[in-house]
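Report on the following structure.
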Amino acid sequence: MKKENTKEMCGNTNTKVKICGNTNVADAIMAAKAGADAVGVINVANTRRYIDLKDAKRIFEALPVFVLKVVVVAWDNMRVEVVHDKMELIEETGADCIQLHGEEPVELVADLRKSMKSGIRIIKKIGVGGDKKECMENALAYESVVDAILLDTAAAAGGGTGEIGGTGKEHDWNISKEIVERVKKPVILAGGLNPDNVAKAINHVMPYAVDVSSGVEREVRKKDETKVKRFIEAAKSAAVKSP
């Protein structure tokens, strides 16, 4: 794994910003022009912000070269062979990162890391909620096989929404703060962030990056330019302390 993927990346006091859940070229370009460091699309069937990989490729091809392109997937209970086939299709989109947002086991992620032909980086979501010890153990378990950890609000048991993120619900930032302090890889904070609370979240948790989807929408699947600009400005101007 490349050296720049280690915790030293977190010394950068300018917090990175990912605008996720993009469904069209116009919104993605707008986010990039507003200063987003990364743009994400969701390739998870039966979720409200789903797009197929052909549309993902169109969005990625329209983005400036220095904006990271992220495909969000959920590969729960999939055979290794199927995951490999899906990974090849994602590589064809021009993605820089793949975000595993399901309950993919450590063994599957490790196998994916070894078999990957391209330089796509792996981000793994850890759900935060409930048992602090369990959240920490989950984050530490994936640390050696991914390039970054993303902390998102854990889905409520029996919630029935079918969503993997973009719920607009915060989690306990104290747990996220402890994970940032323990994990040696860059940590991305997500879950209920918006233009009004992102600076407070950054100052408390001190993540490498923040991730937002529903918090900058005008309506589901449509971004609000004013909210996107306010979010990025607030995140970039947050007074992060040196670690």
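Convention: chains lettered A, B, ... in structure tokens order; per-chain residue numbering from 1; ligands numbered from 1 as shown.
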DSSP-assigned strand (DSSP E) among stretch 16-240 of chain A, expressed as a ChimeraX atom specification: /A:16-19,38-42,68-73,97-100,121-128,148-153,187-189,209-212,217-219,222-223
Enumerate, in order of chain and increasing residue number, the residues of stretch 38-136 of chain A with an atom no farther than 12 Å from stretch 176-194 of chain A, each with its shortest atom pair and distance in Å to one decimal, counting only C-alpha atoms, as JSON lines.
{"residue": "A:Ala38", "atom": "CA", "partner": "A:Ile188", "partner_atom": "CA", "distance": 11.7}
{"residue": "A:Gln99", "atom": "CA", "partner": "A:Ile188", "partner_atom": "CA", "distance": 11.2}
{"residue": "A:His101", "atom": "CA", "partner": "A:Ala190", "partner_atom": "CA", "distance": 11.8}
{"residue": "A:Ile122", "atom": "CA", "partner": "A:Lys185", "partner_atom": "CA", "distance": 11.4}
{"residue": "A:Ile123", "atom": "CA", "partner": "A:Ile188", "partner_atom": "CA", "distance": 9.0}
{"residue": "A:Lys124", "atom": "CA", "partner": "A:Ile188", "partner_atom": "CA", "distance": 9.7}
{"residue": "A:Lys125", "atom": "CA", "partner": "A:Ile188", "partner_atom": "CA", "distance": 9.0}
{"residue": "A:Ile126", "atom": "CA", "partner": "A:Ser176", "partner_atom": "CA", "distance": 10.0}
{"residue": "A:Gly127", "atom": "CA", "partner": "A:Gly191", "partner_atom": "CA", "distance": 9.5}
{"residue": "A:Val128", "atom": "CA", "partner": "A:Ser176", "partner_atom": "CA", "distance": 7.4}
{"residue": "A:Gly129", "atom": "CA", "partner": "A:Ser176", "partner_atom": "CA", "distance": 9.8}
{"residue": "A:Lys132", "atom": "CA", "partner": "A:Ser176", "partner_atom": "CA", "distance": 9.2}
{"residue": "A:Lys133", "atom": "CA", "partner": "A:Ile179", "partner_atom": "CA", "distance": 10.0}
{"residue": "A:Glu134", "atom": "CA", "partner": "A:Ile179", "partner_atom": "CA", "distance": 11.1}
{"residue": "A:Cys135", "atom": "CA", "partner": "A:Ile179", "partner_atom": "CA", "distance": 8.2}
{"residue": "A:Met136", "atom": "CA", "partner": "A:Ile179", "partner_atom": "CA", "distance": 6.0}
For A:Asp224: contacts at 12 Å, only C-alpha atoms, fewer than 4 positions along chain excluded, given as number ranges by chain: A: 19, 22, 26-28, 30-31, 34, 194-195, 213-220, 228-231
Please identify all polymer residues within 10 Å of A:Asp111, counting only C-alpha atoms, omitting same-chain residues fewer than 6 positions from it, and present them as a PDB file with C-alpha atoms, in the first residue's frame.
ATOM      1  CA  VAL A  80     -15.752 -13.566  -4.450  1.00  0.00           C
ATOM      2  CA  VAL A  83     -17.230  -9.217  -6.643  1.00  0.00           C
ATOM      3  CA  HIS A  84     -14.257  -9.539  -8.995  1.00  0.00           C
ATOM      4  CA  VAL A 145      -6.784  -3.824   4.161  1.00  0.00           C
TER       5      VAL A 145
END
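The nearest approach to A:Gly40 among the residues A:Pro64, A:Glu91, A:Val71, A:Ser115, with only C-alpha atoms taken into account, belongs to A:Val71.
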Spatial neighbours of stretch 199-204 of chain A, max dist 9 Å, only C-alpha atoms, sep filter under 3 positions, as a list in words: Thr15, Trp173, Asn174, Lys177, Leu189, Leu193, Pro195, Asp196, Pro207, Tyr208, Ala209, Val210, Phe231, Ala234, Ala235, Lys236, Ser237, Ala238, Ala239, Val240 and Lys241 of chain A
List every residue of stretch 42-216 of chain A that DSSP, applied to the backbone of this structure, places in helix (DSSP H, G or I), and write the result as a PDB file with N, CA and C atoms, in the first residue's frame.
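Written out: out.pdb:
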ATOM      1  N   LEU A  53     -23.606   2.180 -13.841  1.00  0.00           N
ATOM      2  CA  LEU A  53     -22.200   2.495 -14.071  1.00  0.00           C
ATOM      3  C   LEU A  53     -21.963   3.256 -15.374  1.00  0.00           C
ATOM      4  N   LYS A  54     -22.876   3.140 -16.323  1.00  0.00           N
ATOM      5  CA  LYS A  54     -22.741   3.933 -17.550  1.00  0.00           C
ATOM      6  C   LYS A  54     -22.908   5.415 -17.238  1.00  0.00           C
ATOM      7  N   ASP A  55     -23.892   5.730 -16.391  1.00  0.00           N
ATOM      8  CA  ASP A  55     -24.082   7.122 -15.988  1.00  0.00           C
ATOM      9  C   ASP A  55     -22.918   7.593 -15.110  1.00  0.00           C
ATOM     10  N   ALA A  56     -22.408   6.690 -14.284  1.00  0.00           N
ATOM     11  CA  ALA A  56     -21.251   7.036 -13.450  1.00  0.00           C
ATOM     12  C   ALA A  56     -20.062   7.420 -14.327  1.00  0.00           C
ATOM     13  N   LYS A  57     -19.835   6.651 -15.365  1.00  0.00           N
ATOM     14  CA  LYS A  57     -18.723   6.936 -16.279  1.00  0.00           C
ATOM     15  C   LYS A  57     -18.905   8.296 -16.942  1.00  0.00           C
ATOM     16  N   ARG A  58     -20.131   8.611 -17.351  1.00  0.00           N
ATOM     17  CA  ARG A  58     -20.395   9.915 -17.973  1.00  0.00           C
ATOM     18  C   ARG A  58     -20.095  11.059 -17.003  1.00  0.00           C
ATOM     19  N   ILE A  59     -20.500  10.885 -15.767  1.00  0.00           N
ATOM     20  CA  ILE A  59     -20.227  11.905 -14.751  1.00  0.00           C
ATOM     21  C   ILE A  59     -18.733  12.054 -14.530  1.00  0.00           C
ATOM     22  N   PHE A  60     -18.039  10.937 -14.382  1.00  0.00           N
ATOM     23  CA  PHE A  60     -16.598  10.982 -14.104  1.00  0.00           C
ATOM     24  C   PHE A  60     -15.813  11.604 -15.256  1.00  0.00           C
ATOM     25  N   GLU A  61     -16.209  11.304 -16.471  1.00  0.00           N
ATOM     26  CA  GLU A  61     -15.509  11.846 -17.634  1.00  0.00           C
ATOM     27  C   GLU A  61     -15.661  13.366 -17.736  1.00  0.00           C
ATOM     28  N   ALA A  62     -16.710  13.900 -17.131  1.00  0.00           N
ATOM     29  CA  ALA A  62     -16.952  15.344 -17.195  1.00  0.00           C
ATOM     30  C   ALA A  62     -16.212  16.119 -16.107  1.00  0.00           C
ATOM     31  N   VAL A  80     -16.975 -14.252  -4.039  1.00  0.00           N
ATOM     32  CA  VAL A  80     -15.752 -13.566  -4.450  1.00  0.00           C
ATOM     33  C   VAL A  80     -15.707 -13.372  -5.961  1.00  0.00           C
ATOM     34  N   GLU A  81     -16.124 -14.397  -6.712  1.00  0.00           N
ATOM     35  CA  GLU A  81     -16.080 -14.315  -8.177  1.00  0.00           C
ATOM     36  C   GLU A  81     -16.972 -13.181  -8.698  1.00  0.00           C
ATOM     37  N   VAL A  82     -18.133 -13.031  -8.090  1.00  0.00           N
ATOM     38  CA  VAL A  82     -19.060 -11.982  -8.502  1.00  0.00           C
ATOM     39  C   VAL A  82     -18.478 -10.607  -8.194  1.00  0.00           C
ATOM     40  N   VAL A  83     -17.860 -10.480  -7.034  1.00  0.00           N
ATOM     41  CA  VAL A  83     -17.230  -9.217  -6.643  1.00  0.00           C
ATOM     42  C   VAL A  83     -16.128  -8.840  -7.627  1.00  0.00           C
ATOM     43  N   HIS A  84     -15.330  -9.807  -8.031  1.00  0.00           N
ATOM     44  CA  HIS A  84     -14.257  -9.539  -8.995  1.00  0.00           C
ATOM     45  C   HIS A  84     -14.819  -9.036 -10.317  1.00  0.00           C
ATOM     46  N   ASP A  85     -15.906  -9.642 -10.777  1.00  0.00           N
ATOM     47  CA  ASP A  85     -16.530  -9.207 -12.028  1.00  0.00           C
ATOM     48  C   ASP A  85     -17.050  -7.774 -11.910  1.00  0.00           C
ATOM     49  N   LYS A  86     -17.673  -7.463 -10.788  1.00  0.00           N
ATOM     50  CA  LYS A  86     -18.202  -6.124 -10.570  1.00  0.00           C
ATOM     51  C   LYS A  86     -17.078  -5.100 -10.479  1.00  0.00           C
ATOM     52  N   MET A  87     -15.966  -5.520  -9.880  1.00  0.00           N
ATOM     53  CA  MET A  87     -14.835  -4.615  -9.747  1.00  0.00           C
ATOM     54  C   MET A  87     -14.272  -4.230 -11.108  1.00  0.00           C
ATOM     55  N   GLU A  88     -14.239  -5.161 -12.024  1.00  0.00           N
ATOM     56  CA  GLU A  88     -13.752  -4.868 -13.371  1.00  0.00           C
ATOM     57  C   GLU A  88     -14.622  -3.820 -14.057  1.00  0.00           C
ATOM     58  N   LEU A  89     -15.929  -3.910 -13.852  1.00  0.00           N
ATOM     59  CA  LEU A  89     -16.849  -2.932 -14.444  1.00  0.00           C
ATOM     60  C   LEU A  89     -16.636  -1.547 -13.829  1.00  0.00           C
ATOM     61  N   ILE A  90     -16.373  -1.501 -12.534  1.00  0.00           N
ATOM     62  CA  ILE A  90     -16.132  -0.225 -11.870  1.00  0.00           C
ATOM     63  C   ILE A  90     -14.826   0.405 -12.352  1.00  0.00           C
ATOM     64  N   GLU A  91     -13.816  -0.429 -12.570  1.00  0.00           N
ATOM     65  CA  GLU A  91     -12.540   0.087 -13.082  1.00  0.00           C
ATOM     66  C   GLU A  91     -12.733   0.785 -14.427  1.00  0.00           C
ATOM     67  N   VAL A 106     -14.026  -8.707   6.321  1.00  0.00           N
ATOM     68  CA  VAL A 106     -12.616  -8.331   6.176  1.00  0.00           C
ATOM     69  C   VAL A 106     -11.930  -9.210   5.140  1.00  0.00           C
ATOM     70  N   GLU A 107     -12.254 -10.515   5.152  1.00  0.00           N
ATOM     71  CA  GLU A 107     -11.604 -11.454   4.232  1.00  0.00           C
ATOM     72  C   GLU A 107     -11.880 -11.089   2.773  1.00  0.00           C
ATOM     73  N   LEU A 108     -13.104 -10.669   2.485  1.00  0.00           N
ATOM     74  CA  LEU A 108     -13.465 -10.283   1.119  1.00  0.00           C
ATOM     75  C   LEU A 108     -12.707  -9.025   0.705  1.00  0.00           C
ATOM     76  N   VAL A 109     -12.620  -8.072   1.606  1.00  0.00           N
ATOM     77  CA  VAL A 109     -11.914  -6.831   1.303  1.00  0.00           C
ATOM     78  C   VAL A 109     -10.430  -7.101   1.065  1.00  0.00           C
ATOM     79  N   ALA A 110      -9.853  -7.983   1.884  1.00  0.00           N
ATOM     80  CA  ALA A 110      -8.441  -8.332   1.717  1.00  0.00           C
ATOM     81  C   ALA A 110      -8.202  -9.027   0.380  1.00  0.00           C
ATOM     82  N   ASP A 111      -9.112  -9.898  -0.006  1.00  0.00           N
ATOM     83  CA  ASP A 111      -8.998 -10.595  -1.291  1.00  0.00           C
ATOM     84  C   ASP A 111      -9.108  -9.596  -2.445  1.00  0.00           C
ATOM     85  N   LEU A 112     -10.018  -8.643  -2.309  1.00  0.00           N
ATOM     86  CA  LEU A 112     -10.203  -7.625  -3.336  1.00  0.00           C
ATOM     87  C   LEU A 112      -8.930  -6.804  -3.481  1.00  0.00           C
ATOM     88  N   ARG A 113      -8.335  -6.452  -2.369  1.00  0.00           N
ATOM     89  CA  ARG A 113      -7.099  -5.682  -2.381  1.00  0.00           C
ATOM     90  C   ARG A 113      -5.991  -6.419  -3.145  1.00  0.00           C
ATOM     91  N   LYS A 114      -5.847  -7.714  -2.883  1.00  0.00           N
ATOM     92  CA  LYS A 114      -4.781  -8.494  -3.516  1.00  0.00           C
ATOM     93  C   LYS A 114      -5.009  -8.701  -5.006  1.00  0.00           C
ATOM     94  N   SER A 115      -6.266  -8.842  -5.404  1.00  0.00           N
ATOM     95  CA  SER A 115      -6.571  -9.199  -6.789  1.00  0.00           C
ATOM     96  C   SER A 115      -6.765  -7.993  -7.708  1.00  0.00           C
ATOM     97  N   LYS A 132     -19.807   1.379  21.633  1.00  0.00           N
ATOM     98  CA  LYS A 132     -18.570   2.069  21.248  1.00  0.00           C
ATOM     99  C   LYS A 132     -17.433   1.083  21.006  1.00  0.00           C
ATOM    100  N   LYS A 133     -17.322   0.079  21.853  1.00  0.00           N
ATOM    101  CA  LYS A 133     -16.250  -0.908  21.715  1.00  0.00           C
ATOM    102  C   LYS A 133     -16.356  -1.655  20.391  1.00  0.00           C
ATOM    103  N   GLU A 134     -17.583  -2.018  20.020  1.00  0.00           N
ATOM    104  CA  GLU A 134     -17.794  -2.741  18.765  1.00  0.00           C
ATOM    105  C   GLU A 134     -17.434  -1.869  17.563  1.00  0.00           C
ATOM    106  N   CYS A 135     -17.796  -0.587  17.615  1.00  0.00           N
ATOM    107  CA  CYS A 135     -17.447   0.330  16.523  1.00  0.00           C
ATOM    108  C   CYS A 135     -15.935   0.436  16.369  1.00  0.00           C
ATOM    109  N   MET A 136     -15.238   0.559  17.487  1.00  0.00           N
ATOM    110  CA  MET A 136     -13.780   0.661  17.452  1.00  0.00           C
ATOM    111  C   MET A 136     -13.156  -0.610  16.905  1.00  0.00           C
ATOM    112  N   GLU A 137     -13.627  -1.753  17.359  1.00  0.00           N
ATOM    113  CA  GLU A 137     -13.084  -3.026  16.894  1.00  0.00           C
ATOM    114  C   GLU A 137     -13.295  -3.203  15.397  1.00  0.00           C
ATOM    115  N   ASN A 138     -14.456  -2.795  14.900  1.00  0.00           N
ATOM    116  CA  ASN A 138     -14.727  -2.894  13.464  1.00  0.00           C
ATOM    117  C   ASN A 138     -13.763  -2.034  12.666  1.00  0.00           C
ATOM    118  N   ALA A 139     -13.552  -0.803  13.124  1.00  0.00           N
ATOM    119  CA  ALA A 139     -12.642   0.102  12.414  1.00  0.00           C
ATOM    120  C   ALA A 139     -11.225  -0.464  12.390  1.00  0.00           C
ATOM    121  N   LEU A 140     -10.764  -0.962  13.514  1.00  0.00           N
ATOM    122  CA  LEU A 140      -9.406  -1.498  13.598  1.00  0.00           C
ATOM    123  C   LEU A 140      -9.247  -2.777  12.778  1.00  0.00           C
ATOM    124  N   ALA A 141     -10.322  -3.552  12.648  1.00  0.00           N
ATOM    125  CA  ALA A 141     -10.258  -4.811  11.904  1.00  0.00           C
ATOM    126  C   ALA A 141      -9.989  -4.579  10.421  1.00  0.00           C
ATOM    127  N   TYR A 142     -10.532  -3.484   9.868  1.00  0.00           N
ATOM    128  CA  TYR A 142     -10.379  -3.210   8.430  1.00  0.00           C
ATOM    129  C   TYR A 142      -9.154  -2.349   8.121  1.00  0.00           C
ATOM    130  N   GLU A 143      -8.547  -1.819   9.151  1.00  0.00           N
ATOM    131  CA  GLU A 143      -7.483  -0.831   8.967  1.00  0.00           C
ATOM    132  C   GLU A 143      -6.371  -1.280   8.021  1.00  0.00           C
ATOM    133  N   SER A 144      -5.964  -2.525   8.111  1.00  0.00           N
ATOM    134  CA  SER A 144      -4.810  -2.994   7.334  1.00  0.00           C
ATOM    135  C   SER A 144      -5.140  -3.346   5.883  1.00  0.00           C
ATOM    136  N   VAL A 145      -6.430  -3.384   5.523  1.00  0.00           N
ATOM    137  CA  VAL A 145      -6.784  -3.824   4.161  1.00  0.00           C
ATOM    138  C   VAL A 145      -7.469  -2.730   3.349  1.00  0.00           C
ATOM    139  N   TRP A 173     -20.518  11.782  17.885  1.00  0.00           N
ATOM    140  CA  TRP A 173     -19.210  12.224  17.401  1.00  0.00           C
ATOM    141  C   TRP A 173     -18.077  11.882  18.368  1.00  0.00           C
ATOM    142  N   ASN A 174     -18.403  11.641  19.624  1.00  0.00           N
ATOM    143  CA  ASN A 174     -17.357  11.251  20.579  1.00  0.00           C
ATOM    144  C   ASN A 174     -16.749   9.899  20.195  1.00  0.00           C
ATOM    145  N   ILE A 175     -17.606   8.989  19.689  1.00  0.00           N
ATOM    146  CA  ILE A 175     -17.098   7.694  19.225  1.00  0.00           C
ATOM    147  C   ILE A 175     -16.211   7.897  18.003  1.00  0.00           C
ATOM    148  N   SER A 176     -16.656   8.726  17.072  1.00  0.00           N
ATOM    149  CA  SER A 176     -15.868   8.993  15.873  1.00  0.00           C
ATOM    150  C   SER A 176     -14.527   9.618  16.231  1.00  0.00           C
ATOM    151  N   LYS A 177     -14.524  10.521  17.186  1.00  0.00           N
ATOM    152  CA  LYS A 177     -13.284  11.175  17.613  1.00  0.00           C
ATOM    153  C   LYS A 177     -12.279  10.141  18.127  1.00  0.00           C
ATOM    154  N   GLU A 178     -12.761   9.184  18.928  1.00  0.00           N
ATOM    155  CA  GLU A 178     -11.864   8.152  19.460  1.00  0.00           C
ATOM    156  C   GLU A 178     -11.318   7.263  18.349  1.00  0.00           C
ATOM    157  N   ILE A 179     -12.156   6.971  17.362  1.00  0.00           N
ATOM    158  CA  ILE A 179     -11.695   6.150  16.237  1.00  0.00           C
ATOM    159  C   ILE A 179     -10.614   6.890  15.458  1.00  0.00           C
ATOM    160  N   VAL A 180     -10.824   8.182  15.210  1.00  0.00           N
ATOM    161  CA  VAL A 180      -9.807   8.987  14.518  1.00  0.00           C
ATOM    162  C   VAL A 180      -8.478   8.929  15.272  1.00  0.00           C
ATOM    163  N   GLU A 181      -8.543   8.982  16.590  1.00  0.00           N
ATOM    164  CA  GLU A 181      -7.331   8.971  17.405  1.00  0.00           C
ATOM    165  C   GLU A 181      -6.613   7.626  17.387  1.00  0.00           C
ATOM    166  N   ARG A 182      -7.351   6.547  17.172  1.00  0.00           N
ATOM    167  CA  ARG A 182      -6.763   5.193  17.220  1.00  0.00           C
ATOM    168  C   ARG A 182      -6.352   4.650  15.851  1.00  0.00           C
ATOM    169  N   VAL A 198     -21.190  21.264  10.008  1.00  0.00           N
ATOM    170  CA  VAL A 198     -19.960  20.593   9.572  1.00  0.00           C
ATOM    171  C   VAL A 198     -18.716  21.168  10.255  1.00  0.00           C
ATOM    172  N   ALA A 199     -18.667  22.481  10.463  1.00  0.00           N
ATOM    173  CA  ALA A 199     -17.488  23.057  11.117  1.00  0.00           C
ATOM    174  C   ALA A 199     -17.362  22.544  12.554  1.00  0.00           C
ATOM    175  N   LYS A 200     -18.490  22.485  13.265  1.00  0.00           N
ATOM    176  CA  LYS A 200     -18.481  21.964  14.637  1.00  0.00           C
ATOM    177  C   LYS A 200     -18.029  20.508  14.655  1.00  0.00           C
ATOM    178  N   ALA A 201     -18.505  19.727  13.679  1.00  0.00           N
ATOM    179  CA  ALA A 201     -18.122  18.310  13.606  1.00  0.00           C
ATOM    180  C   ALA A 201     -16.624  18.160  13.364  1.00  0.00           C
ATOM    181  N   ILE A 202     -16.095  18.960  12.455  1.00  0.00           N
ATOM    182  CA  ILE A 202     -14.658  18.882  12.151  1.00  0.00           C
ATOM    183  C   ILE A 202     -13.825  19.270  13.362  1.00  0.00           C
ATOM    184  N   ASN A 203     -14.196  20.343  14.037  1.00  0.00           N
ATOM    185  CA  ASN A 203     -13.442  20.795  15.198  1.00  0.00           C
ATOM    186  C   ASN A 203     -13.457  19.769  16.328  1.00  0.00           C
ATOM    187  N   HIS A 204     -14.548  19.013  16.419  1.00  0.00           N
ATOM    188  CA  HIS A 204     -14.654  18.007  17.486  1.00  0.00           C
ATOM    189  C   HIS A 204     -13.962  16.698  17.117  1.00  0.00           C
ATOM    190  N   VAL A 205     -14.208  16.213  15.919  1.00  0.00           N
ATOM    191  CA  VAL A 205     -13.726  14.881  15.520  1.00  0.00           C
ATOM    192  C   VAL A 205     -12.335  14.935  14.884  1.00  0.00           C
ATOM    193  N   SER A 214     -27.350  13.988   1.529  1.00  0.00           N
ATOM    194  CA  SER A 214     -28.665  14.614   1.700  1.00  0.00           C
ATOM    195  C   SER A 214     -28.570  16.020   2.284  1.00  0.00           C
ATOM    196  N   GLY A 215     -27.509  16.307   3.013  1.00  0.00           N
ATOM    197  CA  GLY A 215     -27.364  17.603   3.668  1.00  0.00           C
ATOM    198  C   GLY A 215     -27.164  18.777   2.725  1.00  0.00           C
ATOM    199  N   VAL A 216     -26.908  18.487   1.435  1.00  0.00           N
ATOM    200  CA  VAL A 216     -26.742  19.573   0.458  1.00  0.00           C
ATOM    201  C   VAL A 216     -27.702  19.401  -0.727  1.00  0.00           C
TER     202      VAL A 216
END
Distance of atom CA of A:Thr226 from atom CA of A:Val67, expressed in Å to one decimal place: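 Here the two named atoms are 19.8 Å from each other.
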Closest of A:Ser118, A:Thr167, A:Asn77, A:Thr93 to A:Gly21 - atom-to-atom distances counting only C-alpha atoms: A:Thr167
